[in-house]
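Chemist: Please find model.cif (mmCIF, C-alpha atoms) on the next line:
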data_entry
loop_
_atom_site.label_atom_id
_atom_site.label_comp_id
_atom_site.auth_asym_id
_atom_site.auth_seq_id
_atom_site.Cartn_x
_atom_site.Cartn_y
_atom_site.Cartn_z
CA MET A 23 22.38 -66.87 68.68
CA SER A 24 24.13 -66.49 65.35
CA SER A 25 22.16 -67.23 62.24
CA VAL A 26 22.93 -70.46 60.42
CA VAL A 27 22.83 -71.09 56.68
CA GLY A 28 22.18 -74.37 54.89
CA ASN A 29 25.73 -75.70 55.32
CA ASN A 30 25.56 -75.13 59.11
CA LEU A 31 28.19 -72.41 59.00
CA PRO A 32 27.63 -69.00 60.63
CA SER A 33 26.17 -66.44 58.25
CA GLY A 34 28.88 -64.52 56.39
CA SER A 35 31.64 -67.04 57.09
CA LYS A 36 33.79 -68.29 54.24
CA ILE A 37 34.51 -71.90 53.31
CA LEU A 38 38.28 -72.28 53.26
CA PRO A 39 39.78 -74.20 50.33
CA PRO A 40 41.28 -77.63 51.12
CA ARG A 41 44.85 -77.56 52.32
CA PRO A 42 47.56 -79.27 50.26
CA GLN A 43 48.22 -82.86 51.35
CA LYS A 44 51.91 -82.24 51.93
CA LEU A 45 52.92 -85.83 52.68
CA ILE A 46 51.29 -87.15 49.51
CA VAL A 47 52.78 -84.27 47.51
CA ALA A 48 56.24 -85.20 48.82
CA ILE A 49 55.70 -88.87 48.00
CA ALA A 50 54.45 -88.09 44.48
CA LEU A 51 57.42 -85.80 43.82
CA ALA A 52 59.80 -88.45 45.13
CA VAL A 53 58.28 -91.13 42.90
CA LEU A 54 58.43 -88.88 39.85
CA ALA A 55 62.05 -87.97 40.57
CA GLY A 56 62.99 -91.55 41.36
CA GLY A 57 61.28 -92.81 38.24
CA ALA A 58 63.12 -90.27 36.09
CA VAL A 59 66.44 -91.33 37.57
CA ALA A 60 65.67 -95.04 37.09
CA LEU A 61 64.59 -94.51 33.50
CA SER A 62 67.83 -92.70 32.69
CA SER A 63 69.45 -96.13 32.27
CA TYR A 64 67.26 -96.49 29.16
CA GLY A 65 68.31 -93.10 27.84
CA TRP A 66 67.75 -89.51 28.87
CA ARG A 67 64.80 -89.21 26.53
CA GLN A 68 62.79 -91.74 28.54
CA SER A 69 63.39 -89.74 31.71
CA VAL A 70 62.33 -86.48 30.10
CA LEU A 71 59.24 -88.05 28.52
CA PHE A 72 58.25 -89.52 31.88
CA LEU A 73 58.38 -86.03 33.39
CA ILE A 74 56.46 -84.59 30.43
CA GLY A 75 53.83 -87.22 31.18
CA GLY A 76 53.76 -85.95 34.75
CA LEU A 77 53.21 -82.39 33.53
CA LEU A 78 50.43 -83.61 31.26
CA GLY A 79 48.77 -85.20 34.28
CA VAL A 80 49.06 -81.96 36.26
CA SER A 81 47.64 -79.94 33.35
CA LEU A 82 44.75 -82.33 32.71
CA TYR A 83 43.77 -82.46 36.38
CA HIS A 84 44.06 -78.78 37.24
CA SER A 85 42.17 -77.68 34.12
CA ALA A 86 39.73 -80.62 34.27
CA PHE A 87 40.34 -80.80 30.55
CA GLY A 88 37.77 -83.27 29.31
CA PHE A 89 37.05 -84.53 25.83
CA THR A 90 34.22 -86.87 26.82
CA SER A 91 32.37 -84.33 28.97
CA ALA A 92 32.97 -81.53 26.45
CA TYR A 93 31.27 -83.49 23.68
CA ARG A 94 28.38 -84.49 25.94
CA LYS A 95 27.86 -80.90 27.10
CA LEU A 96 27.95 -79.76 23.48
CA LEU A 97 25.24 -82.14 22.33
CA VAL A 98 23.05 -82.08 25.45
CA ASN A 99 23.33 -78.47 26.66
CA ARG A 100 24.85 -76.61 23.71
CA ASP A 101 27.73 -75.73 26.02
CA VAL A 102 30.59 -74.84 23.67
CA GLN A 103 33.29 -73.82 26.16
CA GLY A 104 35.03 -77.19 26.09
CA ILE A 105 35.08 -77.23 22.29
CA TYR A 106 36.46 -73.69 22.16
CA ALA A 107 39.32 -74.83 24.39
CA GLN A 108 39.99 -77.80 22.11
CA LEU A 109 40.08 -75.51 19.06
CA VAL A 110 42.63 -73.29 20.80
CA MET A 111 44.68 -76.36 21.70
CA LEU A 112 44.60 -77.64 18.11
CA ALA A 113 45.47 -74.22 16.68
CA ILE A 114 48.52 -73.81 18.92
CA ALA A 115 49.66 -77.38 18.29
CA THR A 116 49.27 -76.96 14.51
CA ILE A 117 51.46 -73.85 14.56
CA LEU A 118 54.08 -75.50 16.78
CA PHE A 119 54.14 -78.81 14.89
CA ALA A 120 54.44 -77.36 11.38
CA PRO A 121 58.07 -76.14 11.38
CA VAL A 122 59.25 -79.30 13.16
CA LEU A 123 57.49 -81.63 10.72
CA ALA A 124 58.59 -79.51 7.76
CA ALA A 125 62.22 -79.84 8.88
CA GLY A 126 61.85 -83.62 9.23
CA SER A 127 64.35 -83.81 12.06
CA VAL A 128 65.33 -82.02 15.25
CA PHE A 129 68.79 -82.19 16.82
CA GLY A 130 69.68 -85.04 14.46
CA GLN A 131 66.58 -87.10 15.30
CA LYS A 132 63.95 -87.92 12.71
CA VAL A 133 60.44 -86.68 13.54
CA GLU A 134 57.16 -87.93 12.11
CA GLY A 135 53.61 -86.76 12.63
CA ALA A 136 50.64 -88.87 13.63
CA ILE A 137 49.43 -89.94 10.21
CA ALA A 138 47.23 -92.87 9.17
CA PRO A 139 45.20 -94.09 6.21
CA VAL A 140 41.69 -92.81 5.60
CA GLY A 141 39.13 -95.56 5.32
CA VAL A 142 36.24 -97.59 6.62
CA GLN A 143 38.30 -99.20 9.37
CA GLY A 144 39.23 -95.89 10.95
CA ALA A 145 35.70 -94.50 10.67
CA ILE A 146 34.17 -97.54 12.39
CA GLY A 147 36.82 -97.48 15.11
CA ALA A 148 36.25 -93.79 15.86
CA PHE A 149 32.47 -94.34 15.95
CA LEU A 150 32.90 -97.19 18.45
CA PHE A 151 35.24 -95.03 20.52
CA GLY A 152 32.68 -92.23 20.60
CA ILE A 153 30.08 -94.59 22.04
CA GLY A 154 32.57 -96.15 24.43
CA MET A 155 33.88 -92.95 25.96
CA GLN A 156 30.36 -91.88 26.91
CA LEU A 157 29.61 -95.25 28.51
CA GLY A 158 33.04 -95.59 30.10
CA GLY A 159 32.96 -92.05 31.49
CA GLY A 160 36.29 -90.95 30.08
CA CYS A 161 38.56 -90.88 27.04
CA GLY A 162 42.16 -92.07 26.73
CA CYS A 163 43.83 -89.31 28.74
CA GLY A 164 40.71 -88.78 30.87
CA THR A 165 40.89 -92.34 32.13
CA LEU A 166 44.48 -91.84 33.26
CA TYR A 167 44.16 -88.49 34.98
CA THR A 168 40.94 -89.36 36.81
CA ILE A 169 42.62 -92.49 38.17
CA GLY A 170 45.47 -90.27 39.37
CA GLY A 171 42.84 -88.03 40.97
CA GLY A 172 41.55 -90.95 43.05
CA SER A 173 38.78 -92.51 40.95
CA ILE A 174 38.46 -96.21 41.75
CA THR A 175 35.68 -96.75 39.21
CA MET A 176 37.93 -95.66 36.35
CA LEU A 177 40.26 -98.56 37.10
CA ILE A 178 37.56 -100.75 35.55
CA THR A 179 37.60 -98.52 32.47
CA LEU A 180 41.40 -98.75 32.27
CA PHE A 181 41.37 -102.55 32.56
CA THR A 182 38.69 -103.03 29.91
CA PHE A 183 40.31 -100.38 27.69
CA CYS A 184 43.51 -102.43 27.73
CA VAL A 185 41.61 -105.65 27.06
CA GLY A 186 39.71 -104.04 24.17
CA ALA A 187 42.90 -102.71 22.57
CA PHE A 188 44.59 -106.12 22.87
CA TRP A 189 41.51 -107.85 21.46
CA ALA A 190 41.56 -105.49 18.47
CA SER A 191 45.24 -106.26 17.84
CA LEU A 192 44.37 -109.96 17.53
CA THR A 193 41.67 -109.22 14.94
CA ARG A 194 43.36 -106.38 13.07
CA HIS A 195 43.85 -108.50 9.95
CA ILE A 196 40.05 -108.68 9.57
CA TRP A 197 39.73 -104.90 9.39
CA SER A 198 42.76 -104.25 7.19
CA VAL A 199 40.96 -105.62 4.11
CA LEU A 200 38.29 -102.90 4.23
CA PRO A 201 38.51 -100.05 1.69
CA GLN A 202 40.98 -97.30 2.54
CA ILE A 203 43.28 -94.82 0.85
CA SER A 204 46.83 -93.81 1.70
CA PRO A 205 47.38 -91.12 4.33
CA ILE A 206 46.62 -87.57 3.22
CA VAL A 207 48.75 -84.94 4.96
CA PHE A 208 47.88 -81.34 4.15
CA GLY A 209 51.38 -80.20 5.00
CA GLU A 210 52.80 -82.43 2.28
CA SER A 211 50.13 -81.83 -0.34
CA LEU A 212 49.57 -78.08 0.16
CA GLY A 213 52.85 -77.04 1.71
CA TRP A 214 53.17 -76.38 5.44
CA VAL A 215 52.28 -72.68 5.26
CA GLY A 216 49.17 -73.46 3.26
CA ALA A 217 48.23 -76.34 5.54
CA VAL A 218 48.52 -74.22 8.67
CA GLY A 219 46.47 -71.47 7.04
CA LEU A 220 43.80 -73.98 6.00
CA GLN A 221 43.50 -75.49 9.45
CA LEU A 222 43.48 -72.17 11.26
CA GLY A 223 40.72 -71.03 8.91
CA LEU A 224 38.73 -74.18 9.68
CA PHE A 225 39.16 -73.65 13.43
CA ILE A 226 37.88 -70.08 13.12
CA LEU A 227 34.95 -71.23 10.96
CA ILE A 228 34.02 -73.97 13.44
CA ALA A 229 34.24 -71.53 16.35
CA GLY A 230 31.98 -69.08 14.53
CA LEU A 231 29.40 -71.75 13.74
CA LEU A 232 29.44 -72.94 17.35
CA TRP A 233 28.97 -69.38 18.60
CA TRP A 234 25.97 -68.92 16.27
CA TRP A 235 24.49 -72.28 17.30
CA ASN A 236 25.04 -71.48 20.98
CA GLN A 237 23.37 -68.06 20.68
CA ARG A 238 20.27 -69.61 19.16
CA SER A 239 19.62 -71.44 22.44
CA ARG A 240 19.28 -68.06 24.24
CA ASN A 241 20.38 -69.68 27.48
CA GLN A 242 21.20 -66.74 29.72
CA LEU A 243 22.99 -68.86 32.32
CA GLN A 244 25.13 -70.43 29.63
CA THR A 245 25.87 -67.08 28.01
CA LYS A 246 27.15 -65.74 31.31
CA SER A 247 29.44 -68.76 31.78
CA ASN A 248 30.96 -68.18 28.35
CA LYS A 249 33.09 -65.31 29.70
CA ALA A 250 36.23 -67.39 29.68
CA GLN A 251 39.30 -66.77 31.78
CA ILE A 252 42.57 -67.42 29.98
CA LEU A 253 45.10 -67.79 32.80
CA PRO A 254 44.71 -68.73 36.46
CA HIS A 255 45.60 -66.47 39.34
CA PRO A 256 49.34 -66.80 40.11
CA THR A 257 48.55 -68.49 43.42
CA GLU A 258 46.56 -71.17 41.58
CA PHE A 259 49.30 -72.46 39.28
CA LEU A 260 50.39 -75.06 41.84
CA SER A 261 47.12 -75.81 43.60
CA GLY A 262 44.64 -75.16 40.78
CA PRO A 263 42.07 -74.90 39.46
CA TRP A 264 43.12 -73.70 36.01
CA PRO A 265 40.87 -72.24 33.32
CA LEU A 266 40.24 -74.57 30.38
CA PHE A 267 42.27 -72.35 28.11
CA THR A 268 45.34 -72.66 30.32
CA GLY A 269 44.99 -76.41 29.96
CA ALA A 270 44.68 -76.05 26.20
CA ILE A 271 47.92 -74.05 26.00
CA ALA A 272 49.74 -76.50 28.28
CA LEU A 273 48.59 -79.61 26.40
CA ALA A 274 49.56 -78.18 23.01
CA THR A 275 53.00 -77.17 24.27
CA LEU A 276 53.64 -80.51 25.99
CA ASN A 277 52.57 -82.45 22.90
CA TRP A 278 55.03 -80.38 20.87
CA LEU A 279 57.79 -81.18 23.36
CA THR A 280 56.86 -84.86 23.09
CA LEU A 281 57.27 -84.63 19.31
CA ILE A 282 60.70 -83.05 19.65
CA ILE A 283 62.01 -85.42 22.32
CA SER A 284 60.54 -88.73 21.10
CA GLY A 285 60.32 -88.05 17.37
CA GLU A 286 56.55 -88.63 17.35
CA PRO A 287 53.52 -86.93 18.91
CA TRP A 288 51.80 -87.92 22.16
CA ARG A 289 49.87 -91.20 22.04
CA ILE A 290 48.17 -93.39 24.62
CA THR A 291 46.39 -96.47 23.21
CA TRP A 292 49.54 -98.28 22.10
CA GLY A 293 50.74 -98.39 25.71
CA PHE A 294 47.43 -99.95 26.82
CA ALA A 295 47.69 -102.66 24.16
CA LEU A 296 51.27 -103.39 25.24
CA TRP A 297 50.29 -103.71 28.89
CA ALA A 298 47.57 -106.23 28.06
CA ALA A 299 49.85 -108.19 25.74
CA LYS A 300 52.59 -108.30 28.37
CA ILE A 301 50.15 -109.61 30.98
CA ALA A 302 48.82 -112.17 28.47
CA THR A 303 52.34 -113.59 28.04
CA ILE A 304 52.54 -114.12 31.80
CA PHE A 305 49.44 -116.32 31.53
CA GLY A 306 50.94 -118.35 28.71
CA TRP A 307 49.90 -116.50 25.56
CA ASN A 308 52.39 -116.89 22.70
CA PRO A 309 52.89 -113.69 20.66
CA ASP A 310 53.91 -115.78 17.65
CA SER A 311 50.32 -117.04 17.49
CA SER A 312 49.20 -113.57 16.35
CA PRO A 313 50.09 -112.05 12.95
CA PHE A 314 50.33 -108.63 14.58
CA TRP A 315 52.55 -109.53 17.54
CA GLU A 316 54.65 -112.23 15.87
CA GLY A 317 58.34 -111.83 16.59
CA MET A 318 57.90 -109.02 19.13
CA SER A 319 59.95 -109.16 22.32
CA PHE A 320 58.32 -107.97 25.52
CA SER A 321 61.50 -107.69 27.55
CA ASP A 322 61.50 -104.35 29.42
CA ILE A 323 58.73 -103.20 27.08
CA VAL A 324 56.95 -101.14 29.72
CA VAL A 325 59.99 -98.97 30.46
CA THR A 326 61.32 -98.75 26.91
CA ASP A 327 58.04 -97.83 25.24
CA VAL A 328 57.36 -94.09 25.10
CA SER A 329 53.58 -94.26 25.47
CA SER A 330 53.80 -96.63 28.45
CA VAL A 331 56.25 -94.39 30.28
CA MET A 332 54.16 -91.29 29.60
CA ASN A 333 50.91 -93.02 30.63
CA VAL A 334 52.37 -93.83 34.03
CA GLY A 335 53.68 -90.27 34.29
CA ILE A 336 50.19 -88.87 33.62
CA ILE A 337 48.71 -90.88 36.50
CA LEU A 338 51.44 -89.75 38.90
CA GLY A 339 51.22 -86.13 37.71
CA ALA A 340 47.47 -86.09 38.27
CA ALA A 341 47.96 -87.56 41.76
CA LEU A 342 50.47 -84.81 42.51
CA ALA A 343 48.04 -82.16 41.28
CA ALA A 344 45.15 -83.60 43.28
CA ALA A 345 47.26 -83.71 46.45
CA SER A 346 48.46 -80.15 45.84
CA ALA A 347 44.81 -79.12 45.67
CA GLY A 348 44.05 -81.11 48.83
CA LYS A 349 41.55 -83.27 46.96
CA LEU A 350 43.24 -86.66 46.59
CA VAL A 351 40.74 -89.09 48.09
CA ALA A 352 39.44 -92.43 46.86
CA LYS A 353 36.22 -91.89 44.93
CA THR A 354 33.81 -94.61 43.89
CA GLN A 355 30.56 -94.56 41.99
CA ILE A 356 29.49 -98.18 41.93
CA SER A 357 26.08 -99.40 40.82
CA LEU A 358 25.05 -102.17 38.48
CA ALA A 359 24.34 -99.69 35.67
CA VAL A 360 27.71 -97.95 36.14
CA VAL A 361 29.63 -101.25 36.16
CA ILE A 362 27.87 -102.48 33.01
CA ALA A 363 28.41 -99.16 31.22
CA THR A 364 32.04 -98.98 32.31
CA ILE A 365 32.89 -102.50 31.16
CA ILE A 366 31.18 -102.12 27.78
CA GLY A 367 32.53 -98.59 27.33
CA GLY A 368 36.11 -99.54 28.14
CA LEU A 369 36.04 -102.48 25.72
CA MET A 370 34.57 -100.31 22.95
CA MET A 371 37.11 -97.56 23.53
CA GLY A 372 40.05 -99.94 23.46
CA TYR A 373 38.84 -101.86 20.43
CA GLY A 374 37.74 -98.74 18.57
CA ALA A 375 40.91 -96.77 19.29
CA PHE A 376 43.17 -99.56 18.10
CA ILE A 377 41.47 -100.07 14.76
CA ALA A 378 41.09 -96.29 14.30
CA PHE A 379 44.86 -95.79 14.65
CA GLY A 380 44.46 -94.03 17.96
CA CYS A 381 42.16 -92.44 20.50
CA ASN A 382 41.23 -88.81 21.11
CA VAL A 383 44.91 -88.05 21.74
CA SER A 384 46.90 -89.81 19.02
CA ALA A 385 44.25 -89.87 16.26
CA PHE A 386 42.36 -86.63 16.93
CA PHE A 387 44.69 -84.24 18.77
CA SER A 388 48.04 -85.39 17.36
CA GLY A 389 46.52 -86.33 13.99
CA ILE A 390 45.02 -82.91 13.33
CA ALA A 391 48.12 -81.15 14.72
CA SER A 392 50.07 -83.17 12.13
CA THR A 393 47.62 -81.94 9.43
CA SER A 394 46.53 -85.52 8.70
CA LEU A 395 43.07 -85.89 7.18
CA HIS A 396 42.38 -89.00 9.26
CA GLY A 397 42.27 -86.81 12.40
CA TRP A 398 39.39 -84.80 10.95
CA ILE A 399 37.53 -87.95 9.89
CA TRP A 400 38.12 -89.39 13.36
CA ILE A 401 36.42 -86.52 15.22
CA ILE A 402 33.40 -86.48 12.87
CA CYS A 403 32.81 -90.22 13.40
CA ALA A 404 33.54 -89.99 17.14
CA LEU A 405 30.94 -87.23 17.53
CA LEU A 406 28.39 -89.41 15.75
CA GLY A 407 29.25 -92.18 18.19
CA THR A 408 28.97 -89.73 21.07
CA GLY A 409 25.36 -89.04 20.13
CA VAL A 410 24.60 -92.76 20.24
CA GLY A 411 26.52 -93.14 23.50
CA ILE A 412 24.46 -90.39 25.15
CA ARG A 413 21.29 -92.25 24.24
CA PHE A 414 22.67 -95.44 25.75
CA ARG A 415 23.52 -93.51 28.91
CA SER A 416 19.88 -92.44 29.14
CA LEU A 417 18.73 -96.03 28.76
CA LEU A 418 20.99 -97.01 31.66
CA LYS A 419 19.67 -94.08 33.73
CA LEU A 420 23.09 -92.41 33.87
CA VAL A 421 23.19 -88.65 34.28
CA ASN A 422 23.91 -86.70 31.12
#
Please express what this file holds, its structure, as structure tokens.

Modeler:
Amino acid sequence: MSSVVGNNLPSGSKILPPRPQKLIVAIALAVLAGGAVALSSYGWRQSVLFLIGGLLGVSLYHSAFGFTSAYRKLLVNRDVQGIYAQLVMLAIATILFAPVLAAGSVFGQKVEGAIAPVGVQGAIGAFLFGIGMQLGGGCGCGTLYTIGGGSITMLITLFTFCVGAFWASLTRHIWSVLPQISPIVFGESLGWVGAVGLQLGLFILIAGLLWWWNQRSRNQLQTKSNKAQILPHPTEFLSGPWPLFTGAIALATLNWLTLIISGEPWRITWGFALWAAKIATIFGWNPDSSPFWEGMSFSDIVVTDVSSVMNVGIILGAALAAASAGKLVAKTQISLAVVIATIIGGLMMGYGAFIAFGCNVSAFFSGIASTSLHGWIWIICALLGTGVGIRFRSLLKLVN
């Protein structure tokens, strides 16, 4: 009789990886292609941006590129791998963005970075977002790609994220009176060469400090895991998984392409606010009743807005990646504590992101890549909120 190991397989046998779900892959490709063709009636840029959104979804899923989990692992376990990947992403994006933003236009189209004022409003919003993403279990892009990967629970996060962003838009006039100063863009104040040099130096300094802090923990298991792979095996480009650093390179490049094609960097939260506002009009809400939305037309807004189109593309791209990996199945994690955390977290993320001029993508990633000081302030305040959010997770008996 052959010996049996814990998973009831014969000793020495190998577990085969899941096979691609070919039918779902075909459907996802067809929807992406069909969507691109349909959007061409609104201009070729919308079609291209929709496909870039799809590639973002593929990259996020295959690399499991998390902002929320990376910050939690940093503070709980001193695991710095996720932060290293983010630093690489920011460094590449900074280098790619600089010549485009310095030129001011590409192929006759004006380009602008993700810039915003620096003030109390943004700091509070980022702090709320930091708490919310730990309770909600995902960030802006994380919510989208995990839904594409089959997470049913994250649909609650998406819904409450949209509600929170819309709620913030209705109260934005309250926050706008708080102290703030005009946007500070290093590229404009120091020159783009100087700004890139400054940011690259800061990235290297942060990486060095993280390495020193990580070494102090003397965690042998963690030290071994820090041997990072840069690129996946050629056979894994389609089916995954990808190393974190491959995801970092892909996200930086795709954000740069978004800047060139749309004239502005990648953003997410604005699309969520639009979706909620559009739904509110269906139920009788009058945009003219709000100082922020007054006079805005919602006709075809979902297909004409860049962030909306790309958000949908991310979900579809992640579904394609999950099916290619043979892992697209409905996943639920429902308990009273999870539902409470998800609802509160989604509302806090949506509200916080809107008043902070963006989430982890538009305020942090795109903001720092644009050399805007508000991006640096955002991540400091969001990390403070993350620490509070982790404590709340413990109170709700959620795994950290």

Chemist: Could you expand the PyMOL selection byres ((chain A and resi 302-308) around 12) into the explicit residues it covers here, written as a ChimeraX atom specification?

Modeler: /A:184-185,188-189,192,295-301,309-321

Chemist: Write a file of the selected residues as a CSV table (one decimal), in the frame of the given file, keeping C-alpha atoms.

Modeler:
chain,number,residue,atom,x,y,z
A,184,CYS,CA,43.5,-102.4,27.7
A,185,VAL,CA,41.6,-105.6,27.1
A,188,PHE,CA,44.6,-106.1,22.9
A,189,TRP,CA,41.5,-107.8,21.5
A,192,LEU,CA,44.4,-110.0,17.5
A,295,ALA,CA,47.7,-102.7,24.2
A,296,LEU,CA,51.3,-103.4,25.2
A,297,TRP,CA,50.3,-103.7,28.9
A,298,ALA,CA,47.6,-106.2,28.1
A,299,ALA,CA,49.8,-108.2,25.7
A,300,LYS,CA,52.6,-108.3,28.4
A,301,ILE,CA,50.2,-109.6,31.0
A,309,PRO,CA,52.9,-113.7,20.7
A,310,ASP,CA,53.9,-115.8,17.6
A,311,SER,CA,50.3,-117.0,17.5
A,312,SER,CA,49.2,-113.6,16.4
A,313,PRO,CA,50.1,-112.0,13.0
A,314,PHE,CA,50.3,-108.6,14.6
A,315,TRP,CA,52.6,-109.5,17.5
A,316,GLU,CA,54.6,-112.2,15.9
A,317,GLY,CA,58.3,-111.8,16.6
A,318,MET,CA,57.9,-109.0,19.1
A,319,SER,CA,60.0,-109.2,22.3
A,320,PHE,CA,58.3,-108.0,25.5
A,321,SER,CA,61.5,-107.7,27.6

Chemist: Where does the PyMOL selection byres ((chain A and resi 366) around 8) land in this file, that is, which residues does it pick, as a list of chain:residue names?

Modeler: A:Gly154, A:Leu157, A:Gly158, A:Thr182, A:Ile362, A:Ala363, A:Thr364, A:Ile365, A:Gly367, A:Gly368, A:Leu369, A:Met370

Chemist: From the options A:Gly147, A:Pro40, A:Arg289, A:Met332, which residue's atoms come nearest to A:Ala58, counting all atoms listed in the file?

Modeler: A:Met332

Chemist: Skip A:Arg413 itself and residues of its chain fewer than 4 positions away, then list as a VMD selection string all residues within 12 Å of it, counting all atoms listed in the file.

Modeler: chain A and resid 94 97 to 98 152 to 154 156 to 157 406 to 409 417 to 422

Chemist: Those same residues - C-alpha atoms - I'd like them written as a tab-separated table (two decimals), keeping the file's coordinate frame.

Modeler:
chain	number	residue	atom	x	y	z
A	94	ARG	CA	28.38	-84.49	25.94
A	97	LEU	CA	25.24	-82.14	22.33
A	98	VAL	CA	23.05	-82.08	25.45
A	152	GLY	CA	32.68	-92.23	20.60
A	153	ILE	CA	30.08	-94.59	22.04
A	154	GLY	CA	32.57	-96.15	24.43
A	156	GLN	CA	30.36	-91.88	26.91
A	157	LEU	CA	29.61	-95.25	28.51
A	406	LEU	CA	28.39	-89.41	15.75
A	407	GLY	CA	29.25	-92.18	18.19
A	408	THR	CA	28.97	-89.73	21.07
A	409	GLY	CA	25.36	-89.04	20.13
A	417	LEU	CA	18.73	-96.03	28.76
A	418	LEU	CA	20.99	-97.01	31.66
A	419	LYS	CA	19.67	-94.08	33.73
A	420	LEU	CA	23.09	-92.41	33.87
A	421	VAL	CA	23.19	-88.65	34.28
A	422	ASN	CA	23.91	-86.70	31.12

Chemist: Between A:Pro205, A:Gly65, A:Gly186, A:Gly104, which residue has the minimum interatomic distance to A:Ile377, considering all atoms listed in the file?

Modeler: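 Answer, going by the shortest atom-to-atom distance: A:Gly186.
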
Chemist: Which residue out of A:Thr291, A:Asn333, A:Ser211, A:Ser394 has the minimum interatomic distance to A:Gly79 when all atoms listed in the file are used?

Modeler: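 Looking only at the distances to A:Gly79, the closest residue turns out to be A:Asn333.
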
Chemist: Considering all atoms listed in the file, return as a list in words whatever protein or nucleic-acid residues lie within 9 Å of A:Gly88, sequence-local ones (same chain, fewer than 2 positions apart) excluded.

Modeler: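 What passes the distance filter is Leu82, Ser85, Ala86, Thr90, Ser91, Ala92, Tyr93, Gly104, Gly160, Cys161, Cys163 and Gly164 of chain A.
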
Chemist: How would you write, as a PyMOL selection string, the residues chosen by the PyMOL selection byres ((chain A and resi 197) around 12) on this structure?

Modeler: chain A and resi 141-147+190-196+198-202+373-374+376-379

Chemist: Which distance in Å separates atom CA of A:Ile169 and atom CA of A:Asn277, to one decimal?

Modeler: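 We find that atom CA of A:Ile169 and atom CA of A:Asn277 lie 20.8 Å from each other.
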
Chemist: Compare A:Thr116, A:Gln103, A:Gln108, A:Ser416 by their minimum atom-to-atom distance to A:Pro287, counting only C-alpha atoms, and give me the closest one.

Modeler: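 Under the stated criterion, the closest residue is A:Thr116.
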